[in-house]
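> The following file, entry.txt, comprises compact mmCIF, C-alpha atoms:
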```txt
# COMPACT_ATOMS: atom_id res chain seq x y z
CA MET D 1 118.29 -26.84 -45.22
CA PRO D 2 118.12 -30.12 -43.23
CA LEU D 3 116.09 -30.52 -40.05
CA PRO D 4 118.01 -30.52 -36.76
CA ASP D 5 119.72 -33.75 -35.70
CA LYS D 6 118.56 -34.60 -32.17
CA THR D 7 120.43 -37.85 -31.62
CA CYS D 8 121.99 -37.99 -28.19
CA GLY D 9 123.82 -40.55 -26.05
CA MET D 10 121.74 -42.44 -23.50
CA GLU D 11 123.85 -41.29 -20.51
CA ASP D 12 123.83 -37.63 -21.56
CA ALA D 13 120.10 -37.58 -22.26
CA VAL D 14 119.13 -39.18 -18.95
CA SER D 15 121.60 -37.00 -16.99
CA ARG D 16 119.35 -34.01 -17.73
CA ILE D 17 116.79 -35.46 -15.29
CA PHE D 18 117.23 -33.81 -11.90
CA ASP D 19 116.35 -34.88 -8.36
CA GLY D 20 112.70 -34.11 -7.61
CA ALA D 21 111.66 -34.07 -11.27
CA THR D 22 108.27 -35.19 -12.56
CA VAL D 23 108.84 -37.84 -15.22
CA MET D 24 106.19 -39.27 -17.55
CA ILE D 25 106.92 -42.80 -18.76
CA GLY D 26 105.13 -44.28 -21.77
CA GLY D 27 103.76 -47.81 -22.01
CA PHE D 28 100.79 -49.94 -21.08
CA GLY D 29 102.21 -53.10 -19.58
CA VAL D 30 105.31 -54.06 -21.58
CA PRO D 31 104.44 -52.57 -25.00
CA GLY D 32 105.75 -49.02 -25.26
CA THR D 33 107.65 -49.02 -21.95
CA PRO D 34 111.17 -47.53 -22.38
CA PHE D 35 113.06 -50.12 -20.33
CA CYS D 36 116.52 -48.97 -21.50
CA LEU D 37 115.88 -45.37 -20.42
CA ILE D 38 114.46 -46.56 -17.09
CA ARG D 39 117.49 -48.78 -16.51
CA GLU D 40 119.80 -45.82 -17.15
CA LEU D 41 117.74 -43.68 -14.75
CA VAL D 42 118.23 -46.39 -12.11
CA ARG D 43 121.97 -46.49 -12.85
CA GLN D 44 122.25 -42.71 -12.41
CA GLY D 45 120.29 -42.89 -9.15
CA THR D 46 118.25 -39.71 -9.63
CA LYS D 47 116.09 -39.33 -6.53
CA ASN D 48 112.75 -38.10 -5.26
CA LEU D 49 110.98 -38.59 -8.58
CA THR D 50 107.29 -38.25 -9.34
CA ILE D 51 106.48 -40.87 -11.98
CA VAL D 52 103.43 -40.50 -14.23
CA LYS D 53 102.59 -43.76 -15.99
CA ASN D 54 99.52 -45.85 -16.76
CA ASP D 55 100.67 -48.71 -14.52
CA ALA D 56 103.63 -49.79 -12.40
CA ASN D 57 104.63 -52.69 -14.69
CA LYS D 58 105.07 -56.11 -13.07
CA PRO D 59 107.46 -57.01 -10.25
CA GLY D 60 111.04 -56.99 -11.49
CA MET D 61 110.26 -54.86 -14.56
CA GLY D 62 110.45 -51.20 -15.56
CA VAL D 63 108.89 -48.90 -12.97
CA ASP D 64 109.45 -51.63 -10.39
CA TRP D 65 113.24 -51.12 -10.78
CA LEU D 66 112.79 -47.47 -9.77
CA LEU D 67 110.55 -48.43 -6.84
CA ALA D 68 113.02 -51.08 -5.64
CA SER D 69 115.90 -48.58 -5.71
CA GLY D 70 113.91 -46.07 -3.64
CA GLN D 71 113.97 -43.35 -6.32
CA VAL D 72 110.22 -42.74 -6.44
CA ARG D 73 108.44 -40.31 -4.13
CA LYS D 74 105.08 -40.46 -5.86
CA LEU D 75 103.29 -42.46 -8.55
CA VAL D 76 100.46 -40.98 -10.65
CA VAL D 77 98.83 -44.01 -12.30
CA SER D 78 95.51 -45.51 -13.38
CA HIS D 79 96.20 -48.85 -11.68
CA ILE D 80 98.98 -50.89 -10.04
CA GLY D 81 97.14 -54.20 -9.69
CA LEU D 82 99.78 -56.18 -11.57
CA ASN D 83 102.63 -55.10 -9.27
CA ALA D 84 102.31 -56.47 -5.72
CA ASN D 85 105.52 -54.62 -4.75
CA ALA D 86 103.93 -51.29 -5.65
CA VAL D 87 100.78 -52.18 -3.69
CA ARG D 88 102.88 -53.17 -0.66
CA MET D 89 104.94 -49.94 -0.82
CA MET D 90 101.75 -47.89 -1.11
CA ASN D 91 100.21 -49.62 1.91
CA ALA D 92 103.45 -49.16 3.89
CA ARG D 93 103.48 -45.47 2.85
CA GLU D 94 106.89 -45.87 1.29
CA VAL D 95 105.52 -44.30 -1.86
CA GLU D 96 102.59 -41.96 -2.40
CA VAL D 97 100.11 -43.14 -5.05
CA GLU D 98 97.58 -40.95 -6.84
CA PHE D 99 95.03 -42.87 -8.91
CA VAL D 100 93.51 -41.22 -11.98
CA PRO D 101 90.91 -42.98 -14.15
CA GLN D 102 92.74 -44.11 -17.29
CA GLY D 103 90.94 -41.95 -19.82
CA LEU D 104 91.28 -38.85 -17.65
CA LEU D 105 94.97 -39.57 -17.18
CA ALA D 106 95.36 -39.67 -20.96
CA GLU D 107 93.24 -36.57 -21.55
CA ARG D 108 94.93 -34.50 -18.82
CA ILE D 109 98.29 -35.35 -20.39
CA ARG D 110 96.97 -34.55 -23.86
CA ALA D 111 95.58 -31.24 -22.57
CA ALA D 112 98.98 -30.22 -21.23
CA GLY D 113 100.50 -31.12 -24.58
CA ALA D 114 97.89 -29.04 -26.36
CA GLY D 115 98.70 -26.00 -24.25
CA LEU D 116 95.40 -26.11 -22.36
CA LEU D 117 95.01 -25.42 -18.65
CA GLY D 118 92.68 -28.38 -18.23
CA VAL D 119 89.53 -30.07 -19.46
CA VAL D 120 85.97 -30.34 -18.12
CA SER D 121 84.53 -33.83 -17.76
CA ASP D 122 81.56 -35.43 -16.03
CA ILE D 123 83.46 -38.63 -15.19
CA MET D 124 82.86 -39.55 -11.51
CA ILE D 125 80.26 -36.78 -11.14
CA ASP D 126 78.28 -37.15 -7.89
CA THR D 127 80.33 -40.15 -6.71
CA PRO D 128 82.74 -40.29 -3.74
CA ALA D 129 85.59 -40.99 -6.20
CA GLY D 130 85.05 -37.50 -7.61
CA ALA D 131 85.36 -35.81 -4.21
CA GLY D 132 87.74 -32.88 -3.89
CA ARG D 133 87.46 -31.78 -7.50
CA THR D 134 86.37 -28.31 -8.58
CA GLN D 135 82.86 -28.36 -10.01
CA VAL D 136 81.99 -26.16 -12.97
CA GLU D 137 78.90 -25.72 -15.16
CA VAL D 138 79.15 -25.64 -18.95
CA ALA D 139 76.05 -25.17 -21.12
CA GLY D 140 73.81 -26.23 -18.24
CA LYS D 141 75.74 -29.43 -17.52
CA ARG D 142 77.85 -30.01 -14.43
CA GLY D 143 81.36 -31.36 -14.63
CA TYR D 144 84.69 -31.38 -12.88
CA LEU D 145 87.63 -29.24 -13.84
CA GLU D 146 90.47 -31.67 -14.56
CA PRO D 147 93.76 -29.77 -14.59
CA ALA D 148 96.30 -30.44 -17.32
CA LEU D 149 99.08 -32.80 -16.23
CA THR D 150 102.53 -31.49 -17.11
CA ALA D 151 105.96 -32.99 -16.51
CA ASP D 152 109.59 -31.98 -16.59
CA PHE D 153 110.51 -35.01 -18.72
CA ALA D 154 108.91 -37.76 -20.77
CA LEU D 155 110.61 -41.08 -21.41
CA ILE D 156 109.30 -42.64 -24.61
CA HIS D 157 109.79 -45.94 -26.43
CA ALA D 158 109.45 -45.87 -30.22
CA GLU D 159 109.83 -48.63 -32.75
CA ARG D 160 111.41 -46.22 -35.22
CA ALA D 161 112.68 -42.66 -35.07
CA ASP D 162 114.40 -40.42 -37.55
CA THR D 163 117.16 -38.10 -36.37
CA PHE D 164 114.72 -35.16 -36.15
CA GLY D 165 112.54 -37.09 -33.66
CA ASN D 166 109.64 -38.14 -35.87
CA LEU D 167 108.42 -41.30 -34.14
CA CYS D 168 106.55 -44.47 -35.13
CA PHE D 169 105.11 -46.86 -32.57
CA ALA D 170 104.35 -50.55 -33.00
CA ALA D 171 100.82 -51.94 -32.55
CA SER D 172 99.57 -51.47 -28.96
CA ALA D 173 102.90 -49.89 -27.93
CA ARG D 174 101.50 -46.48 -28.95
CA ASN D 175 99.17 -45.99 -25.92
CA PHE D 176 100.40 -43.02 -23.81
CA ASN D 177 103.63 -42.41 -25.76
CA PRO D 178 102.52 -39.77 -28.30
CA LEU D 179 100.55 -37.89 -25.60
CA MET D 180 103.50 -37.78 -23.21
CA CYS D 181 105.78 -36.59 -26.03
CA MET D 182 103.53 -33.54 -26.26
CA ALA D 183 103.09 -32.88 -22.55
CA ALA D 184 106.62 -32.83 -21.15
CA ARG D 185 108.94 -29.83 -21.21
CA HIS D 186 111.72 -32.17 -22.38
CA THR D 187 111.03 -35.44 -24.21
CA ILE D 188 113.61 -38.22 -24.48
CA ALA D 189 112.74 -40.99 -26.93
CA GLU D 190 114.60 -44.28 -27.21
CA ALA D 191 114.14 -46.06 -30.53
CA GLU D 192 114.75 -49.62 -31.66
CA THR D 193 115.83 -48.26 -35.03
CA ILE D 194 117.06 -44.76 -35.89
CA VAL D 195 116.81 -43.86 -39.56
CA PRO D 196 117.91 -40.82 -41.59
CA GLN D 197 115.50 -37.95 -42.19
CA GLY D 198 113.30 -38.84 -45.12
CA ALA D 199 113.26 -42.56 -44.39
CA ILE D 200 109.90 -42.36 -42.59
CA ASP D 201 106.87 -41.71 -44.80
CA PRO D 202 105.38 -38.40 -43.56
CA HIS D 203 101.95 -40.11 -43.47
CA ALA D 204 103.30 -42.74 -41.07
CA VAL D 205 104.56 -40.39 -38.33
CA HIS D 206 102.68 -40.98 -35.03
CA ALA D 207 104.50 -38.33 -32.97
CA PRO D 208 105.94 -35.38 -34.93
CA GLY D 209 109.53 -34.27 -34.33
CA PRO D 210 108.78 -30.85 -32.81
CA PHE D 211 107.49 -32.66 -29.68
CA VAL D 212 110.75 -34.62 -29.23
CA HIS D 213 114.05 -33.25 -27.89
CA ASP D 214 116.46 -36.20 -27.66
CA VAL D 215 116.58 -39.31 -29.85
CA VAL D 216 118.50 -42.08 -28.14
CA ALA D 217 119.70 -45.37 -29.62
CA MET D 218 119.07 -48.44 -27.50
CA PRO D 219 122.25 -50.35 -26.62
CA GLU D 220 120.33 -53.63 -26.65
CA LEU D 221 116.82 -55.04 -26.75
CA LEU D 222 116.63 -56.07 -23.09
CA GLU D 223 114.81 -59.25 -22.15
CA ALA D 224 112.11 -57.05 -20.58
CA TYR D 225 110.87 -56.08 -24.05
CA GLY D 226 110.11 -59.67 -24.98
CA VAL D 227 107.03 -61.83 -24.81
CA ILE D 228 106.23 -62.77 -21.21
CA ARG D 229 106.13 -66.57 -21.02
CA LEU D 230 104.02 -67.86 -18.14
CA MET V 1 80.21 -72.69 -9.17
CA SER V 2 80.76 -75.82 -11.26
CA SER V 3 82.55 -75.59 -14.58
CA GLY V 4 79.28 -76.59 -16.23
CA SER V 5 77.33 -73.67 -14.74
CA SER V 6 80.20 -71.31 -15.54
CA GLU V 7 80.14 -72.42 -19.15
CA ARG V 8 76.35 -71.96 -19.32
CA MET V 9 76.69 -68.45 -17.89
CA LEU V 10 79.36 -67.48 -20.41
CA ARG V 11 77.42 -69.05 -23.29
CA ARG V 12 74.29 -67.12 -22.29
CA ALA V 13 76.17 -63.85 -21.75
CA ALA V 14 77.78 -64.18 -25.19
CA ARG V 15 74.29 -63.87 -26.74
CA GLU V 16 74.20 -60.29 -25.42
CA VAL V 17 76.75 -59.34 -28.09
CA GLN V 18 74.80 -58.41 -31.24
CA ALA V 19 75.96 -57.96 -34.83
CA GLY V 20 77.21 -54.46 -35.61
CA MET V 21 78.21 -53.57 -32.06
CA THR V 22 81.46 -52.11 -30.76
CA VAL V 23 82.10 -53.95 -27.51
CA ASN V 24 84.55 -53.67 -24.61
CA LEU V 25 84.97 -56.73 -22.39
CA GLY V 26 86.37 -56.34 -18.89
CA ILE V 27 89.31 -58.37 -17.64
CA GLY V 28 88.47 -61.77 -16.13
CA LEU V 29 85.10 -63.46 -16.66
CA PRO V 30 83.84 -61.04 -19.35
CA THR V 31 86.81 -61.72 -21.66
CA GLN V 32 86.03 -65.43 -21.44
CA ILE V 33 82.79 -65.01 -23.43
CA LEU V 34 84.95 -64.57 -26.57
CA ALA V 35 85.15 -68.35 -26.84
CA TYR V 36 81.35 -68.53 -27.14
CA LEU V 37 80.77 -65.94 -29.88
CA PRO V 38 79.73 -67.26 -33.31
CA PRO V 39 82.79 -67.05 -35.60
CA ASP V 40 80.80 -65.26 -38.29
CA LEU V 41 79.37 -62.56 -35.97
CA GLU V 42 80.22 -59.07 -37.29
CA VAL V 43 81.39 -57.27 -34.17
CA CYS V 44 84.20 -54.86 -33.25
CA MET V 45 86.05 -55.58 -30.02
CA HIS V 46 87.62 -52.52 -28.37
CA SER V 47 90.56 -52.69 -25.99
CA GLU V 48 91.31 -49.58 -23.94
CA ASN V 49 95.06 -49.74 -24.56
CA GLY V 50 94.32 -48.60 -28.11
CA ILE V 51 92.85 -51.27 -30.37
CA ALA V 52 89.55 -51.45 -32.27
CA GLY V 53 88.95 -54.74 -34.00
CA VAL V 54 90.91 -56.91 -31.60
CA GLY V 55 91.72 -60.23 -33.26
CA PRO V 56 91.89 -63.69 -31.68
CA ILE V 57 94.48 -64.79 -29.12
CA ALA V 58 97.78 -64.99 -31.03
CA LEU V 59 99.31 -68.35 -31.87
CA ASN V 60 102.64 -66.59 -32.37
CA PRO V 61 102.69 -63.72 -29.85
CA ASP V 62 103.85 -60.27 -30.99
CA ARG V 63 105.65 -58.59 -28.05
CA ASN V 64 104.00 -55.27 -28.97
CA LEU V 65 100.42 -56.50 -29.26
CA ILE V 66 98.46 -57.15 -26.07
CA ASP V 67 94.91 -56.42 -24.97
CA ALA V 68 94.12 -54.46 -21.80
CA GLY V 69 94.32 -57.66 -19.77
CA GLY V 70 97.82 -58.43 -21.02
CA ALA V 71 96.79 -61.31 -23.30
CA TYR V 72 98.73 -61.56 -26.56
CA VAL V 73 96.11 -60.93 -29.25
CA SER V 74 96.30 -60.58 -33.03
CA VAL V 75 95.13 -58.25 -35.77
CA MET V 76 92.30 -59.05 -38.17
CA PRO V 77 91.16 -57.41 -41.42
CA GLY V 78 90.12 -53.88 -40.34
CA THR V 79 92.02 -53.58 -37.06
CA ALA V 80 93.02 -50.05 -36.00
CA PHE V 81 95.60 -48.90 -33.44
CA PHE V 82 95.44 -45.52 -31.68
CA ASP V 83 96.66 -43.68 -28.60
CA SER V 84 95.04 -43.81 -25.14
CA ALA V 85 93.31 -40.42 -25.48
CA THR V 86 91.60 -41.54 -28.69
CA SER V 87 90.70 -44.82 -27.04
CA PHE V 88 88.85 -43.07 -24.23
CA ALA V 89 87.34 -40.56 -26.65
CA MET V 90 85.56 -43.65 -28.03
CA VAL V 91 84.43 -44.55 -24.51
CA ARG V 92 83.29 -41.11 -23.30
CA GLY V 93 81.96 -40.15 -26.74
CA GLY V 94 79.43 -42.97 -26.71
CA ARG V 95 81.02 -45.19 -29.36
CA ILE V 96 81.04 -48.28 -27.15
CA ASP V 97 77.65 -49.96 -27.61
CA LEU V 98 78.14 -52.53 -24.88
CA THR V 99 80.57 -53.15 -22.07
CA MET V 100 80.53 -56.30 -19.99
CA LEU V 101 82.22 -55.95 -16.62
CA GLY V 102 82.98 -58.04 -13.56
CA ALA V 103 81.68 -57.03 -10.12
CA PHE V 104 82.40 -57.25 -6.41
CA GLU V 105 78.83 -56.09 -5.77
CA VAL V 106 75.97 -54.97 -8.00
CA SER V 107 72.75 -53.50 -6.67
CA GLY V 108 69.16 -54.02 -7.73
CA THR V 109 69.17 -50.43 -8.95
CA GLY V 110 72.16 -50.95 -11.24
CA ASP V 111 74.94 -49.58 -9.02
CA LEU V 112 78.28 -51.30 -9.62
CA ALA V 113 81.19 -51.74 -7.21
CA SER V 114 84.14 -53.36 -8.93
CA TRP V 115 87.39 -51.57 -8.27
CA ILE V 116 88.26 -51.18 -4.61
CA ILE V 117 87.89 -53.05 -1.34
CA PRO V 118 89.18 -50.40 1.08
CA GLY V 119 92.07 -51.67 3.18
CA LYS V 120 92.26 -54.98 1.30
CA PHE V 121 92.40 -54.51 -2.45
CA THR V 122 93.33 -51.09 -3.79
CA PRO V 123 94.81 -51.55 -7.26
CA GLY V 124 93.21 -48.48 -8.92
CA ALA V 125 90.35 -48.51 -11.39
CA GLY V 126 92.19 -48.49 -14.72
CA GLY V 127 89.47 -47.65 -17.26
CA ALA V 128 86.53 -49.25 -15.44
CA ILE V 129 84.98 -46.02 -14.11
CA GLU V 130 84.78 -44.48 -17.57
CA LEU V 131 83.54 -47.66 -19.23
CA ALA V 132 80.83 -48.17 -16.61
CA GLN V 133 79.73 -44.53 -16.76
CA LYS V 134 79.83 -44.01 -20.51
CA ALA V 135 79.24 -47.23 -22.46
CA ARG V 136 75.77 -47.16 -24.03
CA ARG V 137 74.83 -50.41 -22.32
CA VAL V 138 76.49 -51.96 -19.27
CA ALA V 139 76.10 -55.63 -18.39
CA VAL V 140 77.72 -57.44 -15.48
CA ILE V 141 78.98 -61.02 -15.48
CA THR V 142 79.58 -62.45 -12.04
CA THR V 143 79.07 -65.50 -9.89
CA HIS V 144 75.74 -65.15 -8.09
CA VAL V 145 77.40 -65.47 -4.66
CA ASP V 146 80.98 -64.87 -3.49
CA LYS V 147 83.42 -67.53 -2.27
CA ALA V 148 81.92 -67.32 1.22
CA GLY V 149 78.43 -67.88 -0.20
CA ARG V 150 77.26 -64.28 0.29
CA PRO V 151 75.05 -62.67 -2.37
CA LYS V 152 76.88 -60.39 -4.81
CA ILE V 153 73.57 -58.89 -5.94
CA VAL V 154 72.59 -56.57 -3.08
CA GLU V 155 70.04 -53.93 -2.18
CA LYS V 156 72.76 -51.30 -1.73
CA CYS V 157 76.49 -51.66 -2.43
CA SER V 158 78.68 -51.44 0.67
CA LEU V 159 81.87 -50.81 -1.36
CA PRO V 160 82.77 -47.57 -3.17
CA LEU V 161 80.95 -47.39 -6.51
CA THR V 162 82.47 -47.69 -9.94
CA ALA V 163 79.29 -46.14 -11.39
CA LYS V 164 75.79 -45.42 -10.13
CA GLY V 165 72.67 -46.82 -11.76
CA ARG V 166 74.37 -47.80 -15.02
CA VAL V 167 74.00 -51.60 -15.05
CA SER V 168 71.10 -52.82 -17.22
CA ARG V 169 71.54 -56.57 -17.04
CA ILE V 170 73.27 -59.09 -14.77
CA PHE V 171 74.44 -62.52 -15.93
CA THR V 172 75.26 -65.06 -13.23
CA ASP V 173 75.65 -68.82 -12.98
CA MET V 174 72.09 -68.93 -11.57
CA ALA V 175 70.12 -66.29 -13.44
CA VAL V 176 69.78 -63.42 -15.87
CA CYS V 177 68.33 -60.34 -14.16
CA ASP V 178 67.30 -56.97 -15.59
CA VAL V 179 67.39 -53.67 -13.73
CA THR V 180 63.99 -52.07 -14.40
CA PRO V 181 62.25 -48.96 -13.04
CA GLU V 182 60.09 -51.30 -10.90
CA GLY V 183 63.08 -53.16 -9.51
CA LEU V 184 65.31 -56.10 -10.28
CA ARG V 185 63.52 -58.61 -12.49
CA LEU V 186 64.39 -62.28 -12.96
CA VAL V 187 64.20 -62.87 -16.72
CA GLU V 188 65.92 -66.25 -17.14
CA ILE V 189 66.93 -69.01 -14.77
CA ALA V 190 69.62 -71.67 -14.96
CA GLU V 191 68.25 -75.09 -15.84
CA GLY V 192 67.39 -77.17 -12.79
CA LEU V 193 67.10 -74.27 -10.33
CA SER V 194 63.94 -73.03 -8.64
CA VAL V 195 62.96 -69.38 -8.25
CA GLY V 196 63.18 -69.94 -4.47
CA GLU V 197 66.82 -71.02 -4.74
CA VAL V 198 67.69 -67.91 -6.80
CA ARG V 199 65.82 -65.63 -4.35
CA GLN V 200 67.68 -67.29 -1.45
CA ALA V 201 71.02 -66.40 -3.06
CA THR V 202 70.02 -62.82 -3.94
CA GLY V 203 70.48 -59.95 -1.48
CA THR V 204 67.63 -57.82 -2.75
CA VAL V 205 64.00 -58.17 -3.82
CA LEU V 206 63.70 -60.12 -7.07
CA LEU V 207 60.60 -59.53 -9.18
CA VAL V 208 59.25 -62.55 -11.04
CA GLY V 209 56.55 -62.44 -13.73
CA ASP V 210 53.53 -64.74 -13.88
CA GLY V 211 54.43 -66.59 -17.06
CA PRO V 212 56.93 -69.42 -17.46
CA LEU V 213 60.61 -68.43 -17.11
CA ALA V 214 63.06 -69.12 -19.90
CA THR V 215 65.99 -71.30 -18.90
CA PHE V 216 69.62 -71.31 -20.05
```
I'd like the structure from this file rewritten - as C-alpha cells, please.


Amino acid sequence: MPLPDKTCGMEDAVSRIFDGATVMIGGFGVPGTPFCLIRELVRQGTKNLTIVKNDANKPGMGVDWLLASGQVRKLVVSHIGLNANAVRMMNAREVEVEFVPQGLLAERIRAAGAGLLGVVSDIMIDTPAGAGRTQVEVAGKRGYLEPALTADFALIHAERADTFGNLCFAASARNFNPLMCMAARHTIAEAETIVPQGAIDPHAVHAPGPFVHDVVAMPELLEAYGVIRL
Amino acid sequence: MSSGSSERMLRRAAREVQAGMTVNLGIGLPTQILAYLPPDLEVCMHSENGIAGVGPIALNPDRNLIDAGGAYVSVMPGTAFFDSATSFAMVRGGRIDLTMLGAFEVSGTGDLASWIIPGKFTPGAGGAIELAQKARRVAVITTHVDKAGRPKIVEKCSLPLTAKGRVSRIFTDMAVCDVTPEGLRLVEIAEGLSVGEVRQATGTVLLVGDGPLATF
C-alpha cells in the first residue's frame, strides 16, 4: 500500500489560488523563498492577495514581483527594510502593511498549524507597540492574546521532496517553511529535487507529508536563488 | 567618529562576550565585534533566521546559508539549523545570554528605541523587540552622538520604544556606561577624553565615581 503521489504541474497547482486569497510564502531573504511559484503566480495574475511572509525580499526579487504587478492588497511581515519599493508603496498607501514581531509571526503561524486558536505572550506588554491587543491573565501574569494566523495557501521552497510531500530544507532555508506548511489550508511545495518515496531517511524529514498537498517540480533554478554578488 | 575610535569601541564591546554564552548580535555595528573576539573563545552565536553556532563569514558562499543580516556565513563543528518558531523559543525562553543591539536612542534608565522613526524610517522591527525584551542581558553599541552631533543617550526616548528598561550597558566611541538603580554611571572612558567632554555629549545625568576611571 504506497503513500499517495502528490506531484502536480506548476501551472495547475498555482491555478488553485483565487483572487482575494491569503497566501503564506516561506523564506527569510533569499534562502527558502519559492521564486518559481511566485513567478507563476505573477504570470497567472491572481489579484487582491494578502501575503504573509517574513520580509518583502529585495527590489526586483520574489515578493517584489507581486508588488510591482499590483497583485498585493496587504502584506503581513516582520520587516520590509531591505525593499525600498515596498516601503514606498506602503507610504503611498498602495499596499497595506501589518508588522508583526518576527517571533510572534512564527508562533502565530505555528499555532494555526497546531490547531490552536492563538497563543498568550508578554511580548510588547505595556508598550505602545502592543496597543490594540486583547489582554489576558494567566497564572497571575499578564499577556496579550495573539490569534493564530491561518492562510488559504502556503508556497514553500524545499531542497528535496518525495512524491508524498515529505520535505527537507537546506541550511538557513528552513526558517518559516515548515511552519507555513502546517498553517495553510492548502500547501504547495516546489522542490529542487523530487525523489521516490523511501529515498528520504525518515529521520531527515523536516516537514512531514500530511502537511503538504502539492509537490511541484521546478522548471529551472532561477538566478534569484543564487548568491547575491554585491 | 574616527575609524580609530570605532575600532576601540568594537574591541571594548567584544570583551562583553564571555566564554560559555549564547549570543545574538544585531545587524550593523554589533555584528562587527565578531572580528575582535579571541579565536579560541568558546561561544555560541545565534542568528534569528534559525542558526545556533554561526560560523565565520564564508569564503565560498552557500546560497542557502545566510545570517539574519544577509551575510553569507558558514557552519562550524556543532552548528544547528532550526525553524523560526524554535529560533524565537530560544529568545523568549531565556536561552540567549546576551544580545548586543544598535540604537537610535537609549535612555539613562535603559529604554531602547531602535526600530522606527515615525514618518521617516518605518521598516518594521524584525526580531528586535523580542531580543530586547527577552535576552538575559541587553547591551547597546552606538556612536555617542548622531550625525548631527546630538546625544543618542537621552533622559527619555522621543521615539517609540523597542523595549523599556532592558538595557544594562552602553558601549560608545566615547564611553562605557552602566544603567544602575541610581542612574546612568560612567564606568570607562575612551583614552584622551575628559569626563567633561563625555558629559557634554550625553543627554542625561551621568554619574561618575570618585576613583580613577578605566580607559579603553

> Measuring between all atoms listed in the file, which one of D:Ala183, D:Val215, D:Ile228, D:Met124 shows the shortest distance to D:Val100?

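The closest residue to D:Val100 is D:Met124.
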
> Using all atoms listed in the file, determine which residues lie at most 10 Å from V:Val145, disregarding the query and same-chain residues fewer than 2 positions distant; provide the list as a list in words.

Met1, Phe104, Glu105, Thr142, Thr143, Lys147, Ala148, Gly149, Arg150, Pro151, Lys152, Ile153, Thr172, Asp173, Met174, Ala201, Thr202 and Gly203 of chain V

> Using all atoms listed in the file, which residues sit within 8 Å of D:Val205 once same-chain residues fewer than 4 positions away are excluded, as a list in words?

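Residues meeting the cut-off are Asn166, Leu167, Cys168, Ile200 and Asp201 of chain D.
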
> Go ahead and save the residues from that selection, with C-alpha atoms, as a short mmCIF file (atom, residue, chain, number, x, y, z; two decimals), in the frame of the given file.


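Below is the file that was written, again_14.cif:
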```cif
data_model
loop_
_atom_site.label_atom_id
_atom_site.label_comp_id
_atom_site.auth_asym_id
_atom_site.auth_seq_id
_atom_site.Cartn_x
_atom_site.Cartn_y
_atom_site.Cartn_z
CA ASN D 166 109.64 -38.14 -35.87
CA LEU D 167 108.42 -41.30 -34.14
CA CYS D 168 106.55 -44.47 -35.13
CA ILE D 200 109.90 -42.36 -42.59
CA ASP D 201 106.87 -41.71 -44.80
#
```

> Dump as a PyMOL selection string the residues of chain D that approach chain V to within 8 Å, counting all atoms listed in the file.

chain D and resi 28-32+77-81+87+99-103+106-107+110+123-124+127-129+170-179+225-227

> Please measure the separation of atom CA of D:Thr163 and atom CA of D:Pro4, giving the value in Å to one decimal.

7.6 Å

> Please list, as a list in words, the residues that have an atom at most 10 Å away from (74.4, -44.3, -23.0) in the coordinates of this file, counting all atoms listed in the file.

Arg92, Gly93, Gly94, Arg95, Ile96, Asp97, Leu98, Ala132, Gln133, Lys134, Ala135, Arg136, Arg137, Val138 and Arg166 of chain V

> Leaving out V:Ala14 and any residue of its chain fewer than 2 positions from it, which residues lie within 8 Å of it when counting all atoms listed in the file, given as a PyMOL selection string?

chain V and resi 10-12+16-17+33-34+36-37

> Please compute the atom CA of D:Ala154-atom CA of D:Asp64 distance, one decimal, in Å.

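Pair atom CA of D:Ala154 / atom CA of D:Asp64 returns 17.3 Å.
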
> May I have the protein, DNA and RNA residues with any atom at most 8 Å from the point (124.4, -39.4, -12.8), counting all atoms listed in the file, written as a list in words?

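Nearby residues: Glu11, Ser15, Arg43, Gln44, Gly45 and Thr46 of chain D.
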
> Keeping only C-alpha atoms, write the selected residues to a file as a JSON list (two decimals), keeping the file's coordinate frame.


```
[["chain", "number", "residue", "atom", "x", "y", "z"],
["D", 11, "GLU", "CA", 123.85, -41.29, -20.51],
["D", 15, "SER", "CA", 121.60, -37.00, -16.99],
["D", 43, "ARG", "CA", 121.97, -46.49, -12.85],
["D", 44, "GLN", "CA", 122.25, -42.71, -12.41],
["D", 45, "GLY", "CA", 120.29, -42.89, -9.15],
["D", 46, "THR", "CA", 118.25, -39.71, -9.63]]
```

> Please indicate the distance in Å from atom CA of V:Thr204 to atom CA of V:Asp178, rounded to one decimal place.

12.9 Å

> Go through D:Gly132, D:Cys181, D:Val138, D:Met89 and flag the residue nearest D:Ala68, using all atoms listed in the file for the distances.

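Between D:Gly132, D:Cys181, D:Val138, D:Met89, the residue approaching D:Ala68 most closely is D:Met89.
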
> If we count all atoms listed in the file and set the cut-off at 9 Å, which residues sit around V:Thr180, ignoring sequence neighbours fewer than 4 positions away in its own chain? Please answer as a list in words.

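Skipping anything fewer than 4 positions along the chain leaves Gly108, Thr109, Gly110, Ser168, Leu184 and Arg185 of chain V.
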
> With a distance cut-off of 12 Å and only C-alpha atoms, select the neighbouring residues of D:Trp65, excluding the residue or stretch itself and same-chain residues fewer than 6 positions from it, and output the selection as a list in words.

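Here the qualifying residues turn out to be Phe35, Cys36, Leu37, Ile38, Arg39, Glu40, Leu41, Val42, Arg43, Gly45, Ala56, Asn57, Lys58, Pro59, Gln71, Val72, Asn83, Asn85, Ala86 and Ala224 of chain D.
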
> Let's have the selection written as a short mmCIF file (atom, residue, chain, number, x, y, z; two decimals), in the frame of the given file, with C-alpha atoms.


```
data_model
loop_
_atom_site.label_atom_id
_atom_site.label_comp_id
_atom_site.auth_asym_id
_atom_site.auth_seq_id
_atom_site.Cartn_x
_atom_site.Cartn_y
_atom_site.Cartn_z
CA PHE D 35 113.06 -50.12 -20.33
CA CYS D 36 116.52 -48.97 -21.50
CA LEU D 37 115.88 -45.37 -20.42
CA ILE D 38 114.46 -46.56 -17.09
CA ARG D 39 117.49 -48.78 -16.51
CA GLU D 40 119.80 -45.82 -17.15
CA LEU D 41 117.74 -43.68 -14.75
CA VAL D 42 118.23 -46.39 -12.11
CA ARG D 43 121.97 -46.49 -12.85
CA GLY D 45 120.29 -42.89 -9.15
CA ALA D 56 103.63 -49.79 -12.40
CA ASN D 57 104.63 -52.69 -14.69
CA LYS D 58 105.07 -56.11 -13.07
CA PRO D 59 107.46 -57.01 -10.25
CA GLN D 71 113.97 -43.35 -6.32
CA VAL D 72 110.22 -42.74 -6.44
CA ASN D 83 102.63 -55.10 -9.27
CA ASN D 85 105.52 -54.62 -4.75
CA ALA D 86 103.93 -51.29 -5.65
CA ALA D 224 112.11 -57.05 -20.58
#
```
